[in-house]
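Structure below is structure38.cif: mmCIF, C-alpha atoms and all ligand atoms.
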data_structure
#
loop_
_atom_site.label_atom_id
_atom_site.label_comp_id
_atom_site.auth_asym_id
_atom_site.auth_seq_id
_atom_site.Cartn_x
_atom_site.Cartn_y
_atom_site.Cartn_z
CA MET V 209 51.63 69.92 -116.17
CA THR V 210 49.32 72.71 -115.03
CA GLU V 211 45.75 72.28 -116.17
CA ASN V 212 44.39 75.01 -118.42
CA ILE V 213 41.62 77.13 -116.94
CA LEU V 214 40.26 77.86 -120.43
CA GLN V 215 40.93 75.71 -123.48
CA ILE V 216 39.34 76.77 -126.76
CA SER V 217 39.99 74.70 -129.86
CA SER V 218 38.94 75.30 -133.48
CA LEU V 219 36.14 77.58 -132.34
CA GLU V 220 33.69 78.67 -135.03
CA LYS V 221 30.80 81.03 -134.54
CA HIS V 222 28.45 82.02 -137.35
CA TYR V 223 25.47 84.34 -137.05
CA PRO V 224 22.49 84.00 -139.38
CA ALA V 225 22.32 86.87 -141.89
CA ARG V 226 19.16 88.32 -143.50
CA SER V 227 20.34 86.96 -146.84
CA GLY V 228 19.94 83.50 -145.31
CA LYS V 229 23.64 82.84 -145.60
CA ASP V 230 25.50 82.56 -142.27
CA VAL V 231 28.17 85.14 -141.49
CA PRO V 232 31.29 83.64 -139.95
CA VAL V 233 32.61 85.73 -137.04
CA LEU V 234 35.08 83.33 -135.37
CA ARG V 235 37.03 80.87 -137.51
CA GLU V 236 39.22 78.02 -136.31
CA LEU V 237 40.09 80.05 -133.23
CA ASP V 238 42.39 78.52 -130.62
CA LEU V 239 43.14 79.99 -127.20
CA SER V 240 44.28 78.57 -123.92
CA LEU V 241 44.62 80.33 -120.59
CA SER V 242 46.51 78.86 -117.66
CA PRO V 243 46.66 79.98 -114.04
CA GLY V 244 48.57 83.28 -113.95
CA ASP V 245 47.55 84.47 -117.44
CA PHE V 246 46.26 88.00 -117.95
CA VAL V 247 45.59 88.51 -121.67
CA ALA V 248 44.51 91.73 -123.37
CA LEU V 249 42.47 91.15 -126.53
CA ARG V 250 42.40 93.93 -129.11
CA GLY V 251 40.78 94.32 -132.50
CA PRO V 252 38.52 96.61 -134.53
CA SER V 253 34.90 97.08 -133.60
CA GLY V 254 32.73 94.29 -134.95
CA CYS V 255 35.56 91.77 -135.36
CA GLY V 256 34.09 89.32 -132.83
CA LYS V 257 35.69 90.10 -129.46
CA THR V 258 32.44 90.08 -127.48
CA THR V 259 31.32 86.96 -129.36
CA LEU V 260 34.52 85.23 -128.22
CA LEU V 261 33.98 86.25 -124.58
CA LEU V 262 30.40 84.99 -124.65
CA CYS V 263 31.41 81.64 -126.19
CA ALA V 264 34.35 81.37 -123.75
CA GLY V 265 32.06 82.13 -120.80
CA ALA V 266 29.42 79.49 -121.50
CA LEU V 267 26.85 82.11 -122.53
CA LEU V 268 26.77 81.52 -126.31
CA ARG V 269 26.91 78.11 -127.93
CA PRO V 270 29.59 77.92 -130.62
CA THR V 271 28.72 76.76 -134.12
CA ALA V 272 31.63 74.30 -133.96
CA GLY V 273 34.77 73.62 -131.98
CA SER V 274 35.24 73.11 -128.28
CA VAL V 275 35.32 75.21 -125.12
CA LEU V 276 36.62 73.67 -121.91
CA ILE V 277 36.51 75.58 -118.65
CA ASP V 278 38.42 73.91 -115.83
CA ALA V 279 38.50 70.84 -118.09
CA SER V 280 34.69 70.62 -118.41
CA ASN V 281 32.56 71.32 -121.48
CA PRO V 282 29.77 73.64 -120.30
CA TYR V 283 27.83 73.21 -123.55
CA ALA V 284 27.33 69.52 -122.75
CA LEU V 285 25.24 70.58 -119.71
CA SER V 286 21.54 71.42 -119.52
CA ALA V 287 20.74 75.14 -119.43
CA ALA V 288 20.18 75.06 -115.65
CA ALA V 289 23.33 73.09 -114.95
CA ARG V 290 25.28 75.40 -117.26
CA SER V 291 24.10 78.47 -115.29
CA ALA V 292 25.24 76.89 -112.05
CA PHE V 293 28.54 75.90 -113.65
CA ARG V 294 29.03 79.43 -114.94
CA ALA V 295 28.32 80.98 -111.56
CA ALA V 296 30.94 78.77 -109.93
CA HIS V 297 33.65 79.02 -112.61
CA VAL V 298 33.36 82.31 -114.52
CA GLY V 299 33.18 85.97 -113.51
CA PHE V 300 32.13 88.64 -116.02
CA VAL V 301 32.97 92.35 -115.94
CA PHE V 302 31.29 94.58 -118.52
CA GLN V 303 31.78 98.17 -119.61
CA ASN V 304 28.31 99.08 -118.34
CA PHE V 305 28.55 97.09 -115.07
CA HIS V 306 25.12 95.38 -115.37
CA LEU V 307 24.27 96.00 -111.72
CA VAL V 308 20.66 95.49 -110.66
CA PRO V 309 19.40 99.02 -109.91
CA TYR V 310 16.96 98.19 -107.10
CA LEU V 311 19.34 96.00 -105.10
CA SER V 312 21.96 97.17 -102.62
CA VAL V 313 25.68 96.76 -103.26
CA LEU V 314 25.80 93.69 -101.05
CA ASP V 315 22.71 92.10 -102.64
CA ASN V 316 24.12 92.69 -106.14
CA ILE V 317 27.17 90.73 -105.10
CA MET V 318 25.19 88.01 -103.36
CA LEU V 319 23.30 87.47 -106.63
CA CYS V 320 26.36 85.75 -108.08
CA GLY V 321 26.03 83.10 -105.40
CA LEU V 322 22.39 82.32 -106.13
CA ALA V 323 22.97 80.04 -109.09
CA ALA V 324 26.01 78.36 -107.57
CA ALA V 325 26.01 75.97 -104.65
CA PRO V 326 25.27 77.75 -101.35
CA GLN V 327 28.45 79.42 -100.17
CA PRO V 328 28.34 80.26 -96.48
CA THR V 329 31.57 82.24 -96.73
CA LEU V 330 30.34 84.48 -99.59
CA PRO V 331 29.18 87.46 -97.50
CA THR V 332 32.40 87.53 -95.47
CA ARG V 333 34.54 87.26 -98.61
CA ALA V 334 32.50 89.90 -100.43
CA ILE V 335 32.65 92.33 -97.50
CA ASP V 336 36.39 91.75 -97.24
CA MET V 337 36.86 92.49 -100.97
CA LEU V 338 34.62 95.56 -100.83
CA ASP V 339 36.70 96.79 -97.91
CA LYS V 340 39.94 96.30 -99.88
CA LEU V 341 38.47 98.30 -102.77
CA GLY V 342 37.41 101.12 -100.46
CA LEU V 343 33.68 100.39 -100.53
CA SER V 344 32.94 99.23 -97.00
CA HIS V 345 30.83 102.35 -96.36
CA ARG V 346 28.66 101.57 -99.42
CA LEU V 347 27.31 98.09 -98.60
CA HIS V 348 23.69 99.18 -98.32
CA HIS V 349 23.65 101.78 -101.09
CA ARG V 350 21.96 101.28 -104.46
CA PRO V 351 24.03 101.51 -107.68
CA ALA V 352 22.54 104.93 -108.57
CA GLU V 353 23.98 106.33 -105.34
CA LEU V 354 27.52 105.33 -106.35
CA SER V 355 30.03 106.96 -108.66
CA THR V 356 30.88 105.23 -111.95
CA GLY V 357 34.18 104.02 -110.55
CA GLU V 358 32.46 102.64 -107.44
CA GLN V 359 29.87 100.83 -109.58
CA GLN V 360 32.60 99.13 -111.59
CA ARG V 361 34.37 98.09 -108.37
CA VAL V 362 31.11 96.51 -107.17
CA ALA V 363 30.82 94.65 -110.50
CA LEU V 364 34.40 93.51 -110.05
CA VAL V 365 33.72 92.16 -106.55
CA ARG V 366 30.63 90.39 -107.94
CA ALA V 367 32.83 88.75 -110.59
CA LEU V 368 35.46 87.69 -108.06
CA ALA V 369 33.43 86.83 -104.97
CA GLY V 370 31.83 83.67 -106.36
CA GLY V 371 35.21 81.91 -106.36
CA ALA V 372 35.60 81.76 -110.18
CA ASN V 373 39.11 81.30 -111.47
CA LEU V 374 38.31 82.71 -114.93
CA ILE V 375 37.47 86.40 -115.37
CA LEU V 376 36.15 87.65 -118.73
CA ALA V 377 36.16 91.43 -118.98
CA ASP V 378 34.66 93.36 -121.93
CA GLU V 379 36.13 96.87 -122.13
CA PRO V 380 36.01 97.11 -118.32
CA THR V 381 37.79 100.49 -118.17
CA GLY V 382 35.70 102.04 -120.97
CA ASN V 383 33.75 104.30 -118.60
CA LEU V 384 36.41 104.86 -115.92
CA ASP V 385 38.81 107.68 -115.18
CA ALA V 386 42.54 106.98 -114.83
CA ALA V 387 42.51 106.42 -111.06
CA ASN V 388 39.60 103.97 -111.16
CA SER V 389 41.07 102.19 -114.20
CA ARG V 390 44.24 101.64 -112.23
CA ILE V 391 42.35 100.11 -109.29
CA LEU V 392 40.47 97.77 -111.63
CA LEU V 393 43.58 96.72 -113.58
CA ASP V 394 45.60 96.17 -110.39
CA THR V 395 42.82 93.95 -109.06
CA LEU V 396 42.74 91.89 -112.29
CA ALA V 397 46.54 91.58 -112.29
CA ASN V 398 46.53 90.43 -108.65
CA PHE V 399 43.78 87.93 -109.40
CA ALA V 400 45.92 86.43 -112.20
CA SER V 401 49.10 86.51 -110.10
CA GLU V 402 47.29 84.52 -107.43
CA GLY V 403 46.47 81.73 -109.90
CA GLY V 404 43.40 82.96 -111.80
CA ALA V 405 43.15 83.69 -115.53
CA VAL V 406 41.86 86.90 -117.11
CA LEU V 407 40.79 87.59 -120.70
CA MET V 408 40.16 91.32 -121.14
CA VAL V 409 38.90 93.05 -124.28
CA THR V 410 40.21 96.59 -124.44
CA HIS V 411 40.87 99.46 -126.85
CA GLU V 412 42.97 101.36 -124.37
CA PRO V 413 46.75 101.10 -124.55
CA SER V 414 47.07 101.86 -120.82
CA ALA V 415 44.89 98.81 -120.11
CA SER V 416 46.52 96.42 -122.59
CA ASP V 417 49.95 97.47 -121.31
CA ARG V 418 48.93 96.32 -117.83
CA ALA V 419 48.05 92.80 -119.05
CA PHE V 420 50.81 90.18 -119.12
CA THR V 421 50.24 89.30 -122.82
CA ARG V 422 48.45 90.85 -125.79
CA LEU V 423 46.55 89.24 -128.64
CA ASP V 424 45.00 90.86 -131.71
CA MET V 425 41.83 89.54 -133.31
CA ARG V 426 41.81 89.61 -137.10
CA ASP V 427 39.82 87.63 -139.64
CA GLY V 428 38.10 85.67 -136.88
CA CYS V 429 41.19 84.36 -135.16
CA LEU V 430 43.92 85.50 -132.78
CA HIS V 431 47.42 86.69 -133.50
CA SER V 432 50.09 87.37 -130.90
CA CYS V 433 51.84 90.71 -131.01
N1 LIG L 1 23.21 88.14 -132.18
C1 LIG L 1 23.78 88.49 -133.35
N2 LIG L 1 23.16 88.23 -134.54
C2 LIG L 1 23.74 88.54 -135.70
N3 LIG L 1 24.95 89.13 -135.81
C3 LIG L 1 25.60 89.42 -134.67
C4 LIG L 1 25.05 89.12 -133.39
N4 LIG L 1 25.93 89.51 -132.44
C5 LIG L 1 26.98 90.04 -133.11
N5 LIG L 1 26.79 89.99 -134.44
C6 LIG L 1 27.74 90.45 -135.47
O1 LIG L 1 28.95 89.74 -135.29
C7 LIG L 1 30.06 90.59 -135.49
C8 LIG L 1 30.94 90.59 -134.26
O2 LIG L 1 30.27 91.22 -133.19
P1 LIG L 1 30.95 91.43 -131.75
O3 LIG L 1 31.40 90.10 -131.25
O4 LIG L 1 29.99 92.17 -130.92
O5 LIG L 1 32.23 92.32 -132.13
P2 LIG L 1 33.17 93.25 -131.21
O6 LIG L 1 32.89 92.92 -129.78
O7 LIG L 1 34.56 92.91 -131.64
O8 LIG L 1 32.84 94.66 -131.55
C9 LIG L 1 29.51 91.95 -135.86
O9 LIG L 1 29.48 92.06 -137.26
C10 LIG L 1 28.10 91.91 -135.29
O10 LIG L 1 27.25 92.72 -136.06
MG MG L 2 32.26 94.12 -128.20
#
As structure tokens, how would this structure be written, given the file I've shared?
Amino acid sequence: MTENILQISSLEKHYPARSGKDVPVLRELDLSLSPGDFVALRGPSGCGKTTLLLCAGALLRPTAGSVLIDASNPYALSAAARSAFRAAHVGFVFQNFHLVPYLSVLDNIMLCGLAAAPQPTLPTRAIDMLDKLGLSHRLHHRPAELSTGEQQRVALVRALAGGANLILADEPTGNLDAANSRILLDTLANFASEGGAVLMVTHEPSASDRAFTRLDMRDGCLHSC
């Protein structure tokens, strides 16, 4: 049996409300991703999609339930060990890229290796990926010198170059034109086809159509469609 890359069981997440009563956002949510999965997650604004990605990516401790990434529970680790675990196992891609403005393209990508174990092959792999995405002439540029599409490709290389086999993407095509969306979606699909797993939040039909499966979030849990 193939091991799941992500295994979420009975996940609950509540946020404290001003009234003092907790607001449940995720309820009894189950999700598993295996190598080769590329899942599009849809749902109305405010339903808990980002909350799910953060819990799934070891960034936000669930109220209850379990999250296993590559068969390990990141929330059982100390904060420092969890950061290192995250850097080695999970890549994030956000709508707004989250690049560090005063670092070059290459240094932004090398950042992902800082918290993980030293990876001597990281620069070569990163340069190779940047080349494949048409960015080899941009290695020493700052994010502000790049187009929006180029910035998102840098963020994508940062997510992939650390060797993670789980990519969590939150509306990654939200700021991209059609041509750049296609490059990003092709890269995510290839990553999954080569044995990774992708969970992508999106509102765009052209993006969810490119995923291999689609799930809707409603009432704090997931429904297949
Ligand atoms: N840190 C927080 N504290 C309190 N409430 C939050 C917090 N983060 C998100 N929420 C609430 O949780 C709900 C789900 O938010 P979110 O996961 O961002 O939804 P989505 O990504 O689907 O738009 C929303 O009602 C939001 O206001
Ligand atoms: Mg969101």
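Nearest residue to V:Cys433 among V:Gly251, V:Pro232, V:Pro380, V:Pro224 is V:Gly251, counting only C-alpha atoms.
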Sorted by chain and rising residue number, which residues of stretch 240-298 of chain V lie within 7 Å of stretch 422-429 of chain V, and what are their closest atom pairs and distances in Å to one decimal, counting all atoms listed in the file, as a tab-separated table?
residue	atom	partner	partner_atom	distance
V:Val247	CA	V:Arg422	CA	5.5
V:Ala248	CA	V:Arg422	CA	4.7
V:Leu249	CA	V:Leu423	CA	5.0
V:Arg250	CA	V:Asp424	CA	4.8
V:Gly251	CA	V:Met425	CA	5.0
V:Cys255	CA	V:Gly428	CA	6.8
V:Gly256	CA	V:Gly428	CA	6.8
(request) Could the residues that lie within 10 Å of ligand LIG 1 (chain L), counting all atoms listed in the file, be listed as a PyMOL selection string? (result) chain V and resi 221-226+230-234+249-263+268+378-379+409-410+425-426+428
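Of the residues listed (V:Leu384, V:Ile277, V:Leu407, V:Leu267), V:Leu384 shows the shortest atom-to-atom separation from V:Asn304; distances use all atoms listed in the file.
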(request) Rank V:Asn388, V:Tyr310, V:Asn373, V:Gln303 by their smallest atom-to-atom distance to ligand MG 2 (chain L), using all atoms listed in the file, and report the top residue only. (result) V:Gln303
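Coordinates place atom CA of V:Asp238 at a distance of 25.7 Å from atom CA of V:Thr381.
The closest residue to V:Glu402, picked from V:Ser242, V:Ser355, V:Ala288, V:Ser414 and counting all atoms listed in the file, is V:Ser242.
The two atoms in question, atom CA of V:Ala295 and atom CA of V:Arg366, are spaced 10.3 Å apart.
Atom CA of V:Asp315 sits 12.9 Å away from atom CA of V:Thr332.
The residue that comes closest to ligand MG 2 (chain L), out of V:His431, V:His345, V:Arg418, V:His411 and on the basis of all atoms listed in the file, is V:His411.
If you measure from each of V:Ser227, V:Ser291, V:Ser432, V:Asn212 to V:Leu276 using all atoms listed in the file, the closest one turns out to be V:Asn212.
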Given the point (20.5, 99.2, -104.4) in the file's coordinates, find the residues that have an atom at most 12 Å from it, counting all atoms listed in the file, and give them as a CSV table (one decimal) with C-alpha atoms, keeping the file's coordinate frame.
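What landed in part.csv:
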chain,number,residue,atom,x,y,z
V,307,LEU,CA,24.3,96.0,-111.7
V,308,VAL,CA,20.7,95.5,-110.7
V,309,PRO,CA,19.4,99.0,-109.9
V,310,TYR,CA,17.0,98.2,-107.1
V,311,LEU,CA,19.3,96.0,-105.1
V,312,SER,CA,22.0,97.2,-102.6
V,313,VAL,CA,25.7,96.8,-103.3
V,314,LEU,CA,25.8,93.7,-101.0
V,315,ASP,CA,22.7,92.1,-102.6
V,316,ASN,CA,24.1,92.7,-106.1
V,317,ILE,CA,27.2,90.7,-105.1
V,346,ARG,CA,28.7,101.6,-99.4
V,347,LEU,CA,27.3,98.1,-98.6
V,348,HIS,CA,23.7,99.2,-98.3
V,349,HIS,CA,23.6,101.8,-101.1
V,350,ARG,CA,22.0,101.3,-104.5
V,351,PRO,CA,24.0,101.5,-107.7
V,352,ALA,CA,22.5,104.9,-108.6
V,353,GLU,CA,24.0,106.3,-105.3
V,354,LEU,CA,27.5,105.3,-106.4
V,359,GLN,CA,29.9,100.8,-109.6
V,362,VAL,CA,31.1,96.5,-107.2
Could you give me the centre and size, in Å to one decimal, of an axis-aligned box around all listed atoms of stretch 244-247 of chain V with 5 Å added on every side, as AutoDock Vina command-line options?
--center_x 47.1 --center_y 85.9 --center_z -117.8 --size_x 13.0 --size_y 15.2 --size_z 17.7
(request) List every protein, DNA or RNA residue that has at least one atom no more than 10 Å from (38.7, 100.1, -106.2) in the file's coordinates, counting all atoms listed in the file, and write the result as a ChimeraX atom specification. (result) /V:337-343,357-362,364-365,387-395
Now that the selection is made, can you save its residues with C-alpha atoms as an mmCIF file, in the coordinates of the input?
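Now in result.cif:
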data_model
loop_
_atom_site.group_PDB
_atom_site.id
_atom_site.type_symbol
_atom_site.label_atom_id
_atom_site.label_comp_id
_atom_site.auth_asym_id
_atom_site.auth_seq_id
_atom_site.Cartn_x
_atom_site.Cartn_y
_atom_site.Cartn_z
ATOM 1 C CA MET V 337 36.860 92.490 -100.970
ATOM 2 C CA LEU V 338 34.620 95.560 -100.830
ATOM 3 C CA ASP V 339 36.700 96.790 -97.910
ATOM 4 C CA LYS V 340 39.940 96.300 -99.880
ATOM 5 C CA LEU V 341 38.470 98.300 -102.770
ATOM 6 C CA GLY V 342 37.410 101.120 -100.460
ATOM 7 C CA LEU V 343 33.680 100.390 -100.530
ATOM 8 C CA GLY V 357 34.180 104.020 -110.550
ATOM 9 C CA GLU V 358 32.460 102.640 -107.440
ATOM 10 C CA GLN V 359 29.870 100.830 -109.580
ATOM 11 C CA GLN V 360 32.600 99.130 -111.590
ATOM 12 C CA ARG V 361 34.370 98.090 -108.370
ATOM 13 C CA VAL V 362 31.110 96.510 -107.170
ATOM 14 C CA LEU V 364 34.400 93.510 -110.050
ATOM 15 C CA VAL V 365 33.720 92.160 -106.550
ATOM 16 C CA ALA V 387 42.510 106.420 -111.060
ATOM 17 C CA ASN V 388 39.600 103.970 -111.160
ATOM 18 C CA SER V 389 41.070 102.190 -114.200
ATOM 19 C CA ARG V 390 44.240 101.640 -112.230
ATOM 20 C CA ILE V 391 42.350 100.110 -109.290
ATOM 21 C CA LEU V 392 40.470 97.770 -111.630
ATOM 22 C CA LEU V 393 43.580 96.720 -113.580
ATOM 23 C CA ASP V 394 45.600 96.170 -110.390
ATOM 24 C CA THR V 395 42.820 93.950 -109.060
#
(message) I want to know what sits within 9 Å of V:Ser218, based on all atoms listed in the file, with residues of the same chain fewer than 4 positions away left out; could you give that as number ranges by chain?
(response) V: 235-239, 272-274
(message) Give me the residues near V:Asn281 as a ChimeraX atom specification, where near means some atom within 12 Å (using all atoms listed in the file) and where sequence neighbours in that chain fewer than 5 positions away do not count.
(response) /V:213-217,263-266,269-270,273-276,286,289-290,293-294,297
